[in-house]
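A.B. asks: Here's a structure for you.
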Amino acid sequence: MSRYLTRAGTLLLAGLLGVAATAAQADTTLTYQGASGEFTVDMKPGAVRIDDATRQWQLYEESSEAIFSIDPSDRSYTRLDRNTASAIRERVDTLRAQIESRVQQLPEGQQATARAAMLQSVPGLDTSAQKVGLDRTGREDSVAGVSCEVVQVVRDGKPAETLCIASPDALGMSKQTFASVKSMFSLMQTMLAGTGFETAGLPYLSLSGMPVRFTDTNSGERRQLSDVAHDSLPEKRFTIPDGYIETAITQPGG
């Protein structure tokens with residue numbers, strides 16, 4: 001499950017190269033550079049593909065309302081959709097109930113500490129309400145020739161990631177392509193609600209654009225634009241190869 005958050009959630013972070021005056025194109029490829037290497041985001045109306053420095057890649061199909069994680073090393077893929085997310089929520093609820101049952105058997109003075117330790121042992125089980133917001137600093141910058149707005153992500157009142165957000169027009173993205181990107185983030189938000197993972201990613205639906213620079217406040221790691229292209233992308237680029245076998249997503253606590 002965390003694989004979707006770390007990739008479908010944080011991999012869409014980088015910038016574009018001198019396209020402010022370019023007419024919006026249906027297909028867009030963003031290439032990003034960071035400490036972990038290069039990754040690309042291919043986008044077209046109805047689909048988004050994300051490739052990072054590993055061999056695995058992610059695919060969003062708007063028509064299927066699903067996000068796939070494809071692993072060429074064993075010719076397999078997993079599928080995250082509303083049904084899968086519902087099963088994950090049920091599993092998370094069951095684990096929480098089991099933990100609470102065990103905690104209630106302990107002396108009252110030990111319950112709070114034991115509950116916190118057990119919830120943290122399985123990602124997604126801690127239901128502590130984390131508040132995630134945006135501080136729009138009013139500052140503007142330019143990343144590889146693309147104008148962007150500096151935005152600070154705030155988690156529980158503390159500064160977290162720092163982003164520079166470029167509008168779709170500045171990126172040369174068509175309205176149809178950006179609409180598909182937003183639909184992917186909307187689907188993720190809906191599917192992750194109630195799983196405990198909903199606040200792990202960035203608040204993409206509130207950004208009104210794409211991050212062209214990402215800086216992690218804690219580690220100092222930065223990821224940003226290296227290139228942008230608007231070449232027409234072949235349909236096979238957004239298709240799971242023939243012969244790949246679907247496998248189940250690892251459930252929390254599994």
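Naming scheme: A, B, ... for chains in displayed order of the structure tokens; residues 1 onward per chain; ligands 1 onward as shown.
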I need the residues in segment 76-231 of chain A that are helix (DSSP H, G or I) according to DSSP; give them as a PDB file with N, CA and C atoms, in the first residue's frame.
C.D. replies:
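Dumped everything to selection.pdb:
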```pdb
ATOM      1  N   ARG A  82     -11.490   1.095  -6.218  1.00  0.00           N
ATOM      2  CA  ARG A  82     -12.389   1.328  -5.088  1.00  0.00           C
ATOM      3  C   ARG A  82     -12.653   0.041  -4.303  1.00  0.00           C
ATOM      4  N   ASN A  83     -12.780  -1.092  -4.998  1.00  0.00           N
ATOM      5  CA  ASN A  83     -13.012  -2.363  -4.310  1.00  0.00           C
ATOM      6  C   ASN A  83     -11.808  -2.751  -3.458  1.00  0.00           C
ATOM      7  N   THR A  84     -10.602  -2.583  -4.030  1.00  0.00           N
ATOM      8  CA  THR A  84      -9.393  -2.904  -3.281  1.00  0.00           C
ATOM      9  C   THR A  84      -9.273  -2.012  -2.062  1.00  0.00           C
ATOM     10  N   ALA A  85      -9.541  -0.712  -2.251  1.00  0.00           N
ATOM     11  CA  ALA A  85      -9.447   0.229  -1.145  1.00  0.00           C
ATOM     12  C   ALA A  85     -10.442  -0.112  -0.047  1.00  0.00           C
ATOM     13  N   SER A  86     -11.636  -0.559  -0.433  1.00  0.00           N
ATOM     14  CA  SER A  86     -12.643  -0.947   0.557  1.00  0.00           C
ATOM     15  C   SER A  86     -12.159  -2.129   1.386  1.00  0.00           C
ATOM     16  N   ALA A  87     -11.515  -3.096   0.718  1.00  0.00           N
ATOM     17  CA  ALA A  87     -10.976  -4.263   1.431  1.00  0.00           C
ATOM     18  C   ALA A  87      -9.868  -3.843   2.387  1.00  0.00           C
ATOM     19  N   ILE A  88      -9.058  -2.878   1.975  1.00  0.00           N
ATOM     20  CA  ILE A  88      -7.983  -2.392   2.840  1.00  0.00           C
ATOM     21  C   ILE A  88      -8.564  -1.697   4.066  1.00  0.00           C
ATOM     22  N   ARG A  89      -9.619  -0.877   3.859  1.00  0.00           N
ATOM     23  CA  ARG A  89     -10.256  -0.206   4.997  1.00  0.00           C
ATOM     24  C   ARG A  89     -10.808  -1.222   5.984  1.00  0.00           C
ATOM     25  N   GLU A  90     -11.436  -2.289   5.472  1.00  0.00           N
ATOM     26  CA  GLU A  90     -11.983  -3.322   6.351  1.00  0.00           C
ATOM     27  C   GLU A  90     -10.869  -4.005   7.144  1.00  0.00           C
ATOM     28  N   ARG A  91      -9.751  -4.266   6.470  1.00  0.00           N
ATOM     29  CA  ARG A  91      -8.617  -4.899   7.137  1.00  0.00           C
ATOM     30  C   ARG A  91      -8.051  -3.987   8.221  1.00  0.00           C
ATOM     31  N   VAL A  92      -7.930  -2.694   7.900  1.00  0.00           N
ATOM     32  CA  VAL A  92      -7.416  -1.729   8.869  1.00  0.00           C
ATOM     33  C   VAL A  92      -8.348  -1.645  10.083  1.00  0.00           C
ATOM     34  N   ASP A  93      -9.653  -1.590   9.837  1.00  0.00           N
ATOM     35  CA  ASP A  93     -10.615  -1.526  10.944  1.00  0.00           C
ATOM     36  C   ASP A  93     -10.514  -2.762  11.837  1.00  0.00           C
ATOM     37  N   THR A  94     -10.338  -3.927  11.210  1.00  0.00           N
ATOM     38  CA  THR A  94     -10.212  -5.171  11.976  1.00  0.00           C
ATOM     39  C   THR A  94      -8.957  -5.151  12.843  1.00  0.00           C
ATOM     40  N   LEU A  95      -7.840  -4.714  12.282  1.00  0.00           N
ATOM     41  CA  LEU A  95      -6.591  -4.654  13.036  1.00  0.00           C
ATOM     42  C   LEU A  95      -6.691  -3.669  14.192  1.00  0.00           C
ATOM     43  N   ARG A  96      -7.326  -2.528  13.952  1.00  0.00           N
ATOM     44  CA  ARG A  96      -7.500  -1.554  15.029  1.00  0.00           C
ATOM     45  C   ARG A  96      -8.320  -2.140  16.171  1.00  0.00           C
ATOM     46  N   ALA A  97      -9.385  -2.863  15.820  1.00  0.00           N
ATOM     47  CA  ALA A  97     -10.231  -3.475  16.842  1.00  0.00           C
ATOM     48  C   ALA A  97      -9.458  -4.532  17.633  1.00  0.00           C
ATOM     49  N   GLN A  98      -8.642  -5.313  16.948  1.00  0.00           N
ATOM     50  CA  GLN A  98      -7.835  -6.333  17.625  1.00  0.00           C
ATOM     51  C   GLN A  98      -6.834  -5.708  18.582  1.00  0.00           C
ATOM     52  N   ILE A  99      -6.203  -4.621  18.133  1.00  0.00           N
ATOM     53  CA  ILE A  99      -5.241  -3.936  18.991  1.00  0.00           C
ATOM     54  C   ILE A  99      -5.932  -3.361  20.220  1.00  0.00           C
ATOM     55  N   GLU A 100      -7.086  -2.743  20.030  1.00  0.00           N
ATOM     56  CA  GLU A 100      -7.798  -2.158  21.167  1.00  0.00           C
ATOM     57  C   GLU A 100      -8.228  -3.235  22.158  1.00  0.00           C
ATOM     58  N   SER A 101      -8.612  -4.398  21.649  1.00  0.00           N
ATOM     59  CA  SER A 101      -8.995  -5.505  22.531  1.00  0.00           C
ATOM     60  C   SER A 101      -7.825  -5.949  23.392  1.00  0.00           C
ATOM     61  N   ARG A 102      -6.645  -6.013  22.781  1.00  0.00           N
ATOM     62  CA  ARG A 102      -5.449  -6.409  23.532  1.00  0.00           C
ATOM     63  C   ARG A 102      -5.053  -5.340  24.531  1.00  0.00           C
ATOM     64  N   VAL A 103      -5.180  -4.080  24.136  1.00  0.00           N
ATOM     65  CA  VAL A 103      -4.810  -2.980  25.032  1.00  0.00           C
ATOM     66  C   VAL A 103      -5.710  -2.962  26.263  1.00  0.00           C
ATOM     67  N   GLU A 108      -4.627  -0.031  33.387  1.00  0.00           N
ATOM     68  CA  GLU A 108      -5.003   1.247  32.806  1.00  0.00           C
ATOM     69  C   GLU A 108      -3.804   2.172  32.603  1.00  0.00           C
ATOM     70  N   GLY A 109      -2.853   2.152  33.485  1.00  0.00           N
ATOM     71  CA  GLY A 109      -1.692   3.021  33.395  1.00  0.00           C
ATOM     72  C   GLY A 109      -0.769   2.692  32.235  1.00  0.00           C
ATOM     73  N   GLN A 110      -0.911   1.495  31.683  1.00  0.00           N
ATOM     74  CA  GLN A 110      -0.038   1.074  30.589  1.00  0.00           C
ATOM     75  C   GLN A 110      -0.727   1.156  29.216  1.00  0.00           C
ATOM     76  N   GLN A 111      -2.019   1.402  29.214  1.00  0.00           N
ATOM     77  CA  GLN A 111      -2.783   1.306  27.977  1.00  0.00           C
ATOM     78  C   GLN A 111      -2.376   2.330  26.921  1.00  0.00           C
ATOM     79  N   ALA A 112      -2.214   3.595  27.308  1.00  0.00           N
ATOM     80  CA  ALA A 112      -1.899   4.638  26.331  1.00  0.00           C
ATOM     81  C   ALA A 112      -0.575   4.369  25.636  1.00  0.00           C
ATOM     82  N   THR A 113       0.449   3.994  26.419  1.00  0.00           N
ATOM     83  CA  THR A 113       1.766   3.729  25.839  1.00  0.00           C
ATOM     84  C   THR A 113       1.723   2.509  24.926  1.00  0.00           C
ATOM     85  N   ALA A 114       1.050   1.448  25.387  1.00  0.00           N
ATOM     86  CA  ALA A 114       0.963   0.229  24.596  1.00  0.00           C
ATOM     87  C   ALA A 114       0.179   0.462  23.307  1.00  0.00           C
ATOM     88  N   ARG A 115      -0.905   1.231  23.402  1.00  0.00           N
ATOM     89  CA  ARG A 115      -1.717   1.503  22.219  1.00  0.00           C
ATOM     90  C   ARG A 115      -0.901   2.255  21.166  1.00  0.00           C
ATOM     91  N   ALA A 116      -0.174   3.277  21.593  1.00  0.00           N
ATOM     92  CA  ALA A 116       0.633   4.070  20.658  1.00  0.00           C
ATOM     93  C   ALA A 116       1.706   3.214  19.988  1.00  0.00           C
ATOM     94  N   ALA A 117       2.361   2.353  20.779  1.00  0.00           N
ATOM     95  CA  ALA A 117       3.427   1.508  20.236  1.00  0.00           C
ATOM     96  C   ALA A 117       2.881   0.507  19.228  1.00  0.00           C
ATOM     97  N   MET A 118       1.738  -0.091  19.520  1.00  0.00           N
ATOM     98  CA  MET A 118       1.168  -1.093  18.628  1.00  0.00           C
ATOM     99  C   MET A 118       0.642  -0.477  17.335  1.00  0.00           C
ATOM    100  N   LEU A 119       0.046   0.713  17.437  1.00  0.00           N
ATOM    101  CA  LEU A 119      -0.460   1.370  16.248  1.00  0.00           C
ATOM    102  C   LEU A 119       0.676   1.784  15.317  1.00  0.00           C
ATOM    103  N   GLN A 120       1.779   2.233  15.897  1.00  0.00           N
ATOM    104  CA  GLN A 120       2.912   2.652  15.082  1.00  0.00           C
ATOM    105  C   GLN A 120       3.627   1.478  14.441  1.00  0.00           C
ATOM    106  N   PRO A 168      -0.872  24.867 -15.105  1.00  0.00           N
ATOM    107  CA  PRO A 168      -0.889  24.051 -16.336  1.00  0.00           C
ATOM    108  C   PRO A 168      -0.504  24.861 -17.568  1.00  0.00           C
ATOM    109  N   ASP A 169      -0.941  26.121 -17.634  1.00  0.00           N
ATOM    110  CA  ASP A 169      -0.602  26.957 -18.794  1.00  0.00           C
ATOM    111  C   ASP A 169       0.902  27.170 -18.876  1.00  0.00           C
ATOM    112  N   ALA A 170       1.552  27.416 -17.734  1.00  0.00           N
ATOM    113  CA  ALA A 170       3.003  27.625 -17.732  1.00  0.00           C
ATOM    114  C   ALA A 170       3.733  26.365 -18.164  1.00  0.00           C
ATOM    115  N   LEU A 171       3.109  25.212 -17.902  1.00  0.00           N
ATOM    116  CA  LEU A 171       3.714  23.934 -18.260  1.00  0.00           C
ATOM    117  C   LEU A 171       3.405  23.500 -19.684  1.00  0.00           C
ATOM    118  N   LYS A 175      -5.845  21.330 -21.125  1.00  0.00           N
ATOM    119  CA  LYS A 175      -6.838  21.235 -20.054  1.00  0.00           C
ATOM    120  C   LYS A 175      -7.275  19.784 -19.850  1.00  0.00           C
ATOM    121  N   GLN A 176      -7.368  19.024 -20.959  1.00  0.00           N
ATOM    122  CA  GLN A 176      -7.814  17.633 -20.848  1.00  0.00           C
ATOM    123  C   GLN A 176      -6.792  16.775 -20.093  1.00  0.00           C
ATOM    124  N   THR A 177      -5.509  17.021 -20.368  1.00  0.00           N
ATOM    125  CA  THR A 177      -4.472  16.251 -19.681  1.00  0.00           C
ATOM    126  C   THR A 177      -4.447  16.582 -18.196  1.00  0.00           C
ATOM    127  N   PHE A 178      -4.503  17.875 -17.864  1.00  0.00           N
ATOM    128  CA  PHE A 178      -4.470  18.258 -16.452  1.00  0.00           C
ATOM    129  C   PHE A 178      -5.719  17.766 -15.727  1.00  0.00           C
ATOM    130  N   ALA A 179      -6.846  17.717 -16.430  1.00  0.00           N
ATOM    131  CA  ALA A 179      -8.077  17.194 -15.827  1.00  0.00           C
ATOM    132  C   ALA A 179      -7.899  15.727 -15.438  1.00  0.00           C
ATOM    133  N   SER A 180      -7.177  14.964 -16.263  1.00  0.00           N
ATOM    134  CA  SER A 180      -6.921  13.555 -15.940  1.00  0.00           C
ATOM    135  C   SER A 180      -5.994  13.429 -14.732  1.00  0.00           C
ATOM    136  N   VAL A 181      -4.991  14.328 -14.651  1.00  0.00           N
ATOM    137  CA  VAL A 181      -4.105  14.325 -13.485  1.00  0.00           C
ATOM    138  C   VAL A 181      -4.906  14.605 -12.217  1.00  0.00           C
ATOM    139  N   LYS A 182      -5.780  15.604 -12.261  1.00  0.00           N
ATOM    140  CA  LYS A 182      -6.598  15.923 -11.093  1.00  0.00           C
ATOM    141  C   LYS A 182      -7.536  14.775 -10.733  1.00  0.00           C
ATOM    142  N   SER A 183      -8.063  14.090 -11.754  1.00  0.00           N
ATOM    143  CA  SER A 183      -8.967  12.974 -11.466  1.00  0.00           C
ATOM    144  C   SER A 183      -8.219  11.840 -10.769  1.00  0.00           C
ATOM    145  N   MET A 184      -6.921  11.666 -11.095  1.00  0.00           N
ATOM    146  CA  MET A 184      -6.115  10.648 -10.423  1.00  0.00           C
ATOM    147  C   MET A 184      -5.948  10.983  -8.947  1.00  0.00           C
ATOM    148  N   PHE A 185      -5.632  12.245  -8.656  1.00  0.00           N
ATOM    149  CA  PHE A 185      -5.465  12.643  -7.263  1.00  0.00           C
ATOM    150  C   PHE A 185      -6.780  12.559  -6.495  1.00  0.00           C
ATOM    151  N   SER A 186      -7.874  12.894  -7.170  1.00  0.00           N
ATOM    152  CA  SER A 186      -9.188  12.806  -6.539  1.00  0.00           C
ATOM    153  C   SER A 186      -9.526  11.360  -6.203  1.00  0.00           C
ATOM    154  N   LEU A 187      -9.212  10.451  -7.130  1.00  0.00           N
ATOM    155  CA  LEU A 187      -9.462   9.034  -6.891  1.00  0.00           C
ATOM    156  C   LEU A 187      -8.631   8.526  -5.718  1.00  0.00           C
ATOM    157  N   MET A 188      -7.366   8.912  -5.676  1.00  0.00           N
ATOM    158  CA  MET A 188      -6.505   8.491  -4.585  1.00  0.00           C
ATOM    159  C   MET A 188      -7.041   8.979  -3.249  1.00  0.00           C
ATOM    160  N   GLN A 189      -7.470  10.243  -3.206  1.00  0.00           N
ATOM    161  CA  GLN A 189      -7.995  10.794  -1.957  1.00  0.00           C
ATOM    162  C   GLN A 189      -9.228  10.036  -1.502  1.00  0.00           C
ATOM    163  N   THR A 190     -10.100   9.719  -2.446  1.00  0.00           N
ATOM    164  CA  THR A 190     -11.320   8.973  -2.115  1.00  0.00           C
ATOM    165  C   THR A 190     -10.995   7.567  -1.627  1.00  0.00           C
ATOM    166  N   MET A 191     -10.086   6.896  -2.324  1.00  0.00           N
ATOM    167  CA  MET A 191      -9.763   5.514  -1.972  1.00  0.00           C
ATOM    168  C   MET A 191      -9.019   5.408  -0.646  1.00  0.00           C
ATOM    169  N   LEU A 192      -8.185   6.403  -0.335  1.00  0.00           N
ATOM    170  CA  LEU A 192      -7.371   6.323   0.874  1.00  0.00           C
ATOM    171  C   LEU A 192      -8.110   6.772   2.123  1.00  0.00           C
ATOM    172  N   TYR A 204      -2.510  17.481  -3.199  1.00  0.00           N
ATOM    173  CA  TYR A 204      -2.461  17.864  -4.607  1.00  0.00           C
ATOM    174  C   TYR A 204      -3.718  18.591  -5.081  1.00  0.00           C
ATOM    175  N   LEU A 205      -4.884  18.200  -4.543  1.00  0.00           N
ATOM    176  CA  LEU A 205      -6.119  18.803  -5.025  1.00  0.00           C
ATOM    177  C   LEU A 205      -6.200  20.287  -4.691  1.00  0.00           C
ATOM    178  N   SER A 206      -5.392  20.746  -3.740  1.00  0.00           N
ATOM    179  CA  SER A 206      -5.403  22.162  -3.363  1.00  0.00           C
ATOM    180  C   SER A 206      -4.328  22.978  -4.070  1.00  0.00           C
TER     181      SER A 206
END
```
A.B. asks: Just list as a ChimeraX atom specification whatever in segment 24-234 of chain A DSSP marks as strand (DSSP E or B).
C.D. replies: /A:25,28-34,37-44,47-51,57-61,66-71,76-80,132-143,146-155,158-166,173,210-215,222-229
A.B. asks: For atom CA of Ala26 of chain A and atom CA of Arg222 of chain A, determine how far apart the two atoms are, in Å to one decimal place.
C.D. replies: 28.3 Å
A.B. asks: May I ask for the distance between atom CA of Tyr60 of chain A and atom CA of Pro45 of chain A, given in Å to one decimal place?
C.D. replies: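 Distance reported for this atom pair: 11.0 Å.
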